[in-house]
Each structure stands twice: as C-alpha cells, then as structure tokens.
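Enquirer: Could you have a look at this structure, given as structure tokens, before my questions?
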There are 2 protein chains.
Amino acid sequence: MSQRNTDVSAQLNALTGCAPDAVTPFTPGQARACTVREVLDRVGGKWSIGILVAASQGPVRFTELERQIEGISRRMLTLTLRNLERDGLLERRVHPTVPPKVEYTATPIALELYESLVALTSWAERHRGAIAAARQTYDREHTTP
Amino acid sequence: MSQRNTDVSAQLNALTGCAPDAVTPFTPGQARACTVREVLDRVGGKWSIGILVAASQGPVRFTELERQIEGISRRMLTLTLRNLERDGLLERRVHPTVPPKVEYTATPIALELYESLVALTSWAERHRGAIAAARQTYDREHTTP
DNA sequence: CTGTATCCGTCAGGATACTG
DNA sequence: CAGTATCCTGACGGATACAG
C-alpha cells in the first residue's frame, strides 16, 4: 500500500503542479502554499463553487443548475460537473426514465469543503470595502503622471 | 457614504464578474458563491498564495521570492506582486540605495486571509487521499470499455 | 432532458532579452 | 538588484449545432 500511496501522491502532485514532498523539503512554508493550491486547482474554476453551493442544498437536476447558475453555458456546466464528480465532490445519479432525469448531490467531502469556505466568505465580507478602496488609491497613484 | 459604497460595490462586482446584489436577489445561495469568487479572483492565481505565504513570515525581497517560489518567472513574480499590492494585501517599500532594495510585507488584511486559509489546508490534508482514490476509480471506469 | 462535438477567441502564464 | 518589454503557447471558456 505504501507503494501505491507513493504513486498516487506523486501523480496528484504532478497533476496539481506541486512538487512531490520528497523532492522539495527545503521551503517549509511553500508546502503549505502547495496544499492550498490543491484545493484551488479543484474548485478554482469559474463555476465550481456555484455548482457546489447549489448541490449542497440537496439533489439538483441538470436544467435546474443551468437556470440557477446564470450565465453558464451548457458545455461548461457539463465539464465542471464531470470534474467535480471525478474528484468525488459530486455524486451523479441517473434515473432511467424518459425523458432522462439526472440528479447531482454534494458528497460529505464537498459539504465539509463548503463549511471551510465560510471562513473565506467572512474574510471577503469584512475586507471587501478596504480592498476596493486600496484599488482606487493604487489606480489613482499609478496613472497619468 | 452610502452613495460611495454603492458605487464601489457595483464596481467591485463588475470587476469580479459577480452581478450587483440589487440585480440578483433571486438566488440567495449563489450570492454566497459569489462572495467566495471575490476571494478566488484575488488569490486564485498560480503564484499568489505562495507569495502571500512567504511574505507573511516578514519582509521579503524580490530576489528572495524568485528563489523561494521555485519555478516562477520574473514576469509573473512582478505581475503577481503588483496585483497583490494593488488589492492592499502587500506593502511595497523601496529603499533608495544602490543597488536598489525593495521589500514586500504582508498587510494585516493578508495575514487574516492567511488564517482563513488554514481551514482549507486542513480540508485538503484530510481528504487528499480520498480525492486521489476517487479520481483513480473514475478514470478506471471511464476509459476503454 | 441531458448531454456531446466543434470551432474559435481570450488571456494567464512561460522564456528571454534589455534597463535604471 | 529589481524590474520592464516582447513574443509565444496552451488551457479555459463562450457559442452553437447536433444526438440519445
């Protein structure tokens, strides 16, 4: 199993652009950064969060999402759903009826992720104003001498 | 101030691809998703987190970062630094010496963000294995019948 | 209803040479 | 040392049209 795990880890790291632990033990801080990257590479896409949030309320159908997400294309909806399913964040259940009916549900792992995201929303809400102000200041000072 | 805030908020939302609150009150869940997007649009870049982590330990110089970050190009380092500075997450201090010396320091806001990210790293560490396994399973079941 | 297949545009990001 | 200026590439994502 250790053999297996090594492979998996290396593969995962390769996929996420993170160097394998064994190869880069010299910058301890960056290991932490790398861990965060793993998450971002998974839910950093333009639509992932929206879908995850919607699916966290209970089973959702394809067309429901298409309407709820507002602006997503059919293609991106499918792609994002597949990726989330692949990572074990969504469960896809097909009802063999006619017309077809497919329901997506957030897995326990995804629900935990959703909880973790609360910390981020809190941060955004607290500092949203300060950030906007910082931008204005910066932009003002860096244009038209 | 309310006037000002409205403008800022609308502008911010425009910049982040989120619809202004007033315009989309119909999907309450997606508002939350939108808030998370604000964060991701700020630190979702390939190098932002790494730089933020490094700068959180104390003032860091340009070349220090270039070595520490491992794989970053000079161009992307500059760009990411500028963006973080613009959003008020980094402070850039120039020492008028020769040769020049520039130090980047994480602002209090950035440090708070850093704390919030801990929840995410914890999530990643707990489920990293499960996700890798889910991927293997998915890939096995979706290739060469 | 739930997708797949195609085509195409944009833009983050890499490599590298030059500069105050 | 700490950047800018260019050029170039691939991946992400939008717009349809078609299909089971």
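Chain labels run A, B, ... following the order of the structure tokens; each chain numbers its residues from 1, and ligands are numbered from 1 in the order shown.
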Please identify all residues of chain B having at least one atom at most 8 Å from any atom of chain A, considering only C-alpha atoms, and return them as a VMD selection string.

Expert: chain B and resid 5 8 to 9 12 27 29 to 30 32 to 40 44 46 49 to 50 53 to 54 68 to 69 86 to 88 109 112 to 113 116 to 117 119 to 121 123 to 125 127 130 to 132 134 to 135 138 to 139

Enquirer: Any chance you can output those residues with C-alpha atoms as a PDB file, in the first residue's frame?

Expert:
```
ATOM      1  CA  ASN B   5     -20.393  52.410  -1.085  1.00  0.00           C
ATOM      2  CA  VAL B   8     -17.688  50.769  -5.019  1.00  0.00           C
ATOM      3  CA  SER B   9     -19.753  47.673  -4.545  1.00  0.00           C
ATOM      4  CA  LEU B  12     -16.178  45.568  -7.442  1.00  0.00           C
ATOM      5  CA  THR B  27     -30.791  33.018  -5.915  1.00  0.00           C
ATOM      6  CA  GLY B  29     -27.266  30.599  -2.397  1.00  0.00           C
ATOM      7  CA  GLN B  30     -25.387  31.998  -5.352  1.00  0.00           C
ATOM      8  CA  ARG B  32     -22.548  33.211  -1.161  1.00  0.00           C
ATOM      9  CA  ALA B  33     -20.821  31.559  -4.074  1.00  0.00           C
ATOM     10  CA  CYS B  34     -20.206  34.993  -5.486  1.00  0.00           C
ATOM     11  CA  THR B  35     -18.532  36.131  -2.300  1.00  0.00           C
ATOM     12  CA  VAL B  36     -16.128  33.235  -2.460  1.00  0.00           C
ATOM     13  CA  ARG B  37     -15.362  34.142  -6.041  1.00  0.00           C
ATOM     14  CA  GLU B  38     -14.218  37.548  -4.874  1.00  0.00           C
ATOM     15  CA  VAL B  39     -11.524  35.844  -2.872  1.00  0.00           C
ATOM     16  CA  LEU B  40     -10.574  33.436  -5.604  1.00  0.00           C
ATOM     17  CA  GLY B  44      -6.661  32.217  -7.274  1.00  0.00           C
ATOM     18  CA  LYS B  46      -0.985  30.300  -9.786  1.00  0.00           C
ATOM     19  CA  ILE B  49      -0.684  32.048  -2.348  1.00  0.00           C
ATOM     20  CA  GLY B  50       2.986  31.151  -2.457  1.00  0.00           C
ATOM     21  CA  VAL B  53       2.806  32.774   2.488  1.00  0.00           C
ATOM     22  CA  ALA B  54       6.384  33.876   2.008  1.00  0.00           C
ATOM     23  CA  GLN B  68      11.934  30.639  -2.832  1.00  0.00           C
ATOM     24  CA  ILE B  69       8.962  30.249  -5.097  1.00  0.00           C
ATOM     25  CA  ARG B  86      -2.998  46.872  -5.672  1.00  0.00           C
ATOM     26  CA  ASP B  87      -5.511  44.943  -3.593  1.00  0.00           C
ATOM     27  CA  GLY B  88      -3.839  46.079  -0.407  1.00  0.00           C
ATOM     28  CA  ILE B 109      -5.621  42.018   5.839  1.00  0.00           C
ATOM     29  CA  GLU B 112      -6.102  37.463   8.274  1.00  0.00           C
ATOM     30  CA  LEU B 113      -6.588  35.817   4.926  1.00  0.00           C
ATOM     31  CA  SER B 116      -8.666  31.720   6.902  1.00  0.00           C
ATOM     32  CA  LEU B 117      -6.732  29.550   4.515  1.00  0.00           C
ATOM     33  CA  ALA B 119      -9.358  25.750   7.125  1.00  0.00           C
ATOM     34  CA  LEU B 120      -8.714  24.931   3.523  1.00  0.00           C
ATOM     35  CA  THR B 121      -5.352  23.284   4.097  1.00  0.00           C
ATOM     36  CA  TRP B 123      -9.620  20.093   4.352  1.00  0.00           C
ATOM     37  CA  ALA B 124      -7.057  19.260   1.694  1.00  0.00           C
ATOM     38  CA  GLU B 125      -4.932  17.246   4.087  1.00  0.00           C
ATOM     39  CA  HIS B 127      -9.281  14.357   2.017  1.00  0.00           C
ATOM     40  CA  ALA B 130      -9.948  10.171  -0.820  1.00  0.00           C
ATOM     41  CA  ILE B 131      -9.833  12.543  -3.755  1.00  0.00           C
ATOM     42  CA  ALA B 132      -6.931  10.767  -5.381  1.00  0.00           C
ATOM     43  CA  ALA B 134     -11.969   8.928  -6.384  1.00  0.00           C
ATOM     44  CA  ARG B 135     -10.023  10.066  -9.406  1.00  0.00           C
ATOM     45  CA  TYR B 138     -13.478   7.469 -12.055  1.00  0.00           C
ATOM     46  CA  ASP B 139     -10.698   7.248 -14.603  1.00  0.00           C
TER      47      ASP B 139
END
```

Enquirer: Please provide as a ChimeraX atom specification all residues within 10 Å of Val102 in chain B, with the sequence filter that same-chain residues fewer than 4 positions apart are discarded (counting only C-alpha atoms (C1' of nucleotides)).

Expert: /B:59-63,92-97 /D:1-2

Enquirer: Using only C-alpha atoms (C1' of nucleotides), determine which residues of chain B fall within 10 Å of chain C; present them as a PyMOL selection string.

Expert: chain B and resi 45-46+71-76+100

Enquirer: Using only C-alpha atoms (C1' of nucleotides) and a cut-off of 9 Å, which residues of chain D sit close to chain A? Please list them as a list in words.

Expert: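 Selected residues: DC12, DG13, DG14 and DA15 of chain D.
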
Enquirer: Between CA of Thr105 in chain B and CA of Leu79 in chain B, what is the distance, to one decimal in Å?

Expert: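 Between these atoms lies a distance of 16.0 Å.
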
Enquirer: Please return as a VMD selection string: the residues of chain B that backbone DSSP assigns to strand (DSSP E).

Expert: chain B and resid 60 to 61 90 to 95 101 to 106

Enquirer: What does the structure give for the distance between CA of Thr143 in chain B and CA of Leu81 in chain A, in Å to one decimal?

Expert: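 If I compute the distance from CA of Thr143 in chain B to CA of Leu81 in chain A, I get 17.7 Å.
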
Enquirer: If you run DSSP on the backbone here, which positions in range 27-105 of chain B get helix (DSSP H, G or I)? Please write them as an MDAnalysis selection string.

Expert: chainID B and resid 28:43 48:56 62:69 74:86

Enquirer: Grab the CA of Ala106 in chain A to C1' of DA19 in chain D distance for me, in Å with one decimal place.

Expert: 28.4 Å
